[in-house]
Amino acid sequence: MLNTEKRNQNTTKLESMPTTEIVKIINEENSTVTAAVDKALPAIAKACDAVTTAIQNGGRVFYIGAGTSGRLAVCDAAECPPTFGVPYDLFNGIIAGGHDSMFKASENKEDQAELAIADLQEHNVCEKDIVIGISASGSAAYVIGAIEYAKSIDAVTVSVTNNPDTKMQKIADIGICADTGPEVITGSTRMKAGTAQKIILNMISTTAMVKCGHVYENLMINLKPTNKKLKNRMIGIVTEILHCTQKEAVDRLEKNDWVIREAIK
């Protein structure tokens with residue numbers, strides 16, 4: 001039996017616990033996630049370097065998954081352009097079933113490998129791109145189909161799973177496994193497994209963007225002024241880098257079309 005499908009012996013009396021005990025035990029179980037991710041750091045680092053290389057060679061990044069994994073894929077990809085100032089087609093999140101599956105579960109889609117192939121072909125995935133398949137079980141046919149297709153066109157592949165020794169991990173060029181164990185609710189991988197996946201995707205995108213020069217020290221150097229909050233953040237960044245007043249920062253930004261890199265020259 002997959003570790004993510006086993007019963008958690010710490011939560012077998014969950015329905016009889018008071019609310020404070022339920023939230024406490026959920027939190028205690030969540031605290032084990034970072035340890036699972038820690039063991040996977042060498043593989044995560046390899047994935048970060050592979051993503052960096054792909055981007056530097058003109059390729060794109062494709063996260064692909066079903067259910068929770070697919071939603072996390074879409075979320076991380078969507079957050080990269082505003083954070084790092086990159087084009088919206090550099091990081092791409094694909095969920096089995098498409099747009100509607102973000103808001104309404106469509107579990108049967110994960111069993112259809114041919115859908116993944118069609119989804120990747122629709123995006124014209126090529127050998128310069130990198131495909132990162134995400135599946136807690138490591139057995140979703142949709143995600144396995146995506147990895148197999150990507151390998152057939154010589155694209156680099158990465159698997160992100162929460163069970164060891166899965167087919168996905170074995171066929172991908174780089175296999176990441178954060179073994180998060182049994183869930184609080186048996187089989188509900190939206191919980192610990194999903195949390196680990198979110199952490200891993202954050203690591204991959206953030207590290208790659210740092211290595212590609214989209215971060216200065218630990219500052220969002222490519223931030224875009226799309227709302228008041230972000231404009232204020234940009235002012236703060238320029239003030240921090242140049243050790244100047246807010247007025248001087250605003251003047252520099254306005255003179256340089258709100259491009260931080262130009263404003264700090």
# chains A, B, ... in the order shown; residues from 1 in each chain; ligands from 1
>>> residues_around(residues="range 105-120 of chain A", least_positions_apart="4", cutoff="8 Å", atoms="only C-alpha atoms", output="ChimeraX atom specification")
/A:66-67,94,96-97,101,124-125,140-146,149
>>> residues_around(residues="Leu41 in chain A", least_positions_apart="5", cutoff="10 Å", atoms="only C-alpha atoms", output="PyMOL selection string")
chain A and resi 36+46-47+176-178+200+203
>>> closest_atom_pairs(of="range 144-263 of chain A", to="range 79-93 of chain A", cutoff="7 Å", atoms="only C-alpha atoms", output="tab-separated table")
residue	atom	partner	partner_atom	distance
A:His214	CA	A:Phe84	CA	5.8
A:Met220	CA	A:Phe84	CA	6.4
A:Asn222	CA	A:Gly85	CA	4.8
A:Leu223	CA	A:Gly85	CA	5.5
A:Lys224	CA	A:Gly85	CA	6.4
>>> write_last_selection(atoms="N, CA and C atoms", output="CSV table (one decimal), in the first residue's frame")
chain,number,residue,atom,x,y,z
A,214,HIS,N,17.0,37.3,-11.7
A,214,HIS,CA,15.7,38.1,-11.5
A,214,HIS,C,15.5,38.5,-10.1
A,220,MET,N,13.0,41.9,-5.0
A,220,MET,CA,12.3,41.7,-6.3
A,220,MET,C,12.7,42.8,-7.3
A,222,ASN,N,12.8,42.9,-10.5
A,222,ASN,CA,12.0,43.0,-11.7
A,222,ASN,C,10.5,43.3,-11.4
A,223,LEU,N,10.2,43.7,-10.3
A,223,LEU,CA,8.8,43.9,-9.9
A,223,LEU,C,8.1,44.9,-10.8
A,224,LYS,N,6.8,44.7,-11.1
A,224,LYS,CA,6.0,45.6,-12.0
A,224,LYS,C,5.1,46.4,-11.1
>>> closest_residue(among="A:Ala196, A:Ile237, A:Met1, A:Cys212", to="Thr34 in chain A", atoms="only C-alpha atoms")
A:Ala196
>>> residues_around(residues="Glu248 in chain A", least_positions_apart="3", cutoff="12 Å", atoms="only C-alpha atoms", output="count of residues only")
16
>>> atom_distance(atom1="CA of Gln56 in chain A", atom2="CA of Thr157 in chain A")
16.5 Å
>>> closest_residue(among="A:Gly213, A:Gly138, A:Pro182, A:Gly194", to="Arg7 in chain A", atoms="only C-alpha atoms")
A:Pro182
>>> residues_around(residues="Met168 in chain A", least_positions_apart="4", cutoff="8 Å", atoms="only C-alpha atoms", output="list of chain:residue names")
A:Gly138, A:Ser139, A:Ile144, A:Ile147, A:Ser159, A:Thr161, A:Ala172, A:Gly175
>>> write_last_selection(atoms="N, CA and C atoms", output="PDB file, in the first residue's frame")
ATOM      1  N   GLY A 138       2.221   9.228  -7.309  1.00  0.00           N
ATOM      2  CA  GLY A 138       3.247   8.848  -8.277  1.00  0.00           C
ATOM      3  C   GLY A 138       2.730   7.884  -9.316  1.00  0.00           C
ATOM      4  N   SER A 139       1.399   7.715  -9.382  1.00  0.00           N
ATOM      5  CA  SER A 139       0.818   6.729 -10.288  1.00  0.00           C
ATOM      6  C   SER A 139      -0.269   7.294 -11.194  1.00  0.00           C
ATOM      7  N   ILE A 144       1.991  10.541 -15.686  1.00  0.00           N
ATOM      8  CA  ILE A 144       2.946   9.610 -16.290  1.00  0.00           C
ATOM      9  C   ILE A 144       2.962   9.779 -17.811  1.00  0.00           C
ATOM     10  N   ILE A 147       5.032  12.836 -18.698  1.00  0.00           N
ATOM     11  CA  ILE A 147       6.475  12.611 -18.598  1.00  0.00           C
ATOM     12  C   ILE A 147       6.972  11.736 -19.749  1.00  0.00           C
ATOM     13  N   SER A 159       9.983  14.544 -11.795  1.00  0.00           N
ATOM     14  CA  SER A 159       8.783  14.068 -11.110  1.00  0.00           C
ATOM     15  C   SER A 159       8.801  14.556  -9.666  1.00  0.00           C
ATOM     16  N   THR A 161       6.786  13.556  -6.264  1.00  0.00           N
ATOM     17  CA  THR A 161       5.862  12.585  -5.685  1.00  0.00           C
ATOM     18  C   THR A 161       5.977  12.588  -4.161  1.00  0.00           C
ATOM     19  N   ALA A 172      11.383   9.532 -14.783  1.00  0.00           N
ATOM     20  CA  ALA A 172      11.788  10.923 -14.942  1.00  0.00           C
ATOM     21  C   ALA A 172      13.307  11.056 -14.882  1.00  0.00           C
ATOM     22  N   GLY A 175      14.071  12.621 -10.159  1.00  0.00           N
ATOM     23  CA  GLY A 175      12.942  12.212  -9.328  1.00  0.00           C
ATOM     24  C   GLY A 175      13.007  12.822  -7.945  1.00  0.00           C
TER      25      GLY A 175
END
>>> closest_residue(among="A:Ile204, A:Ile174, A:Val61, A:Val23", to="His123 in chain A", atoms="only C-alpha atoms")
A:Val61
>>> select_by_dssp(residues="range 90-253 of chain A", states="alpha helix (DSSP H)", output="NGL selection string")
:A and (113-122 or 141-152 or 167-171 or 192-211 or 228-242 or 246-253)
>>> closest_residue(among="A:Lys24, A:Lys39, A:Ser31, A:Val215", to="Lys192 in chain A", atoms="only C-alpha atoms")
A:Ser31
>>> select_by_dssp(residues="range 67-152 of chain A", states="strand (DSSP E or B)", output="ChimeraX atom specification")
/A:91-95,130-135
>>> residues_around(residues="Asp49 in chain A", least_positions_apart="6", cutoff="12 Å", atoms="only C-alpha atoms", output="JSON, numbers by chain")
{"A": [42, 43, 55, 56, 130, 156, 158, 174, 203, 204, 205, 206, 207, 208, 209, 210, 211, 212]}
>>> atom_distance(atom1="CA of Pro225 in chain A", atom2="CA of Ile241 in chain A")
17.6 Å
>>> atom_distance(atom1="CA of Asp179 in chain A", atom2="CA of Asn163 in chain A")
5.3 Å
>>> closest_residue(among="A:Glu5, A:Asn57, A:Glu127, A:Val250", to="Asp154 in chain A", atoms="only C-alpha atoms")
A:Glu127
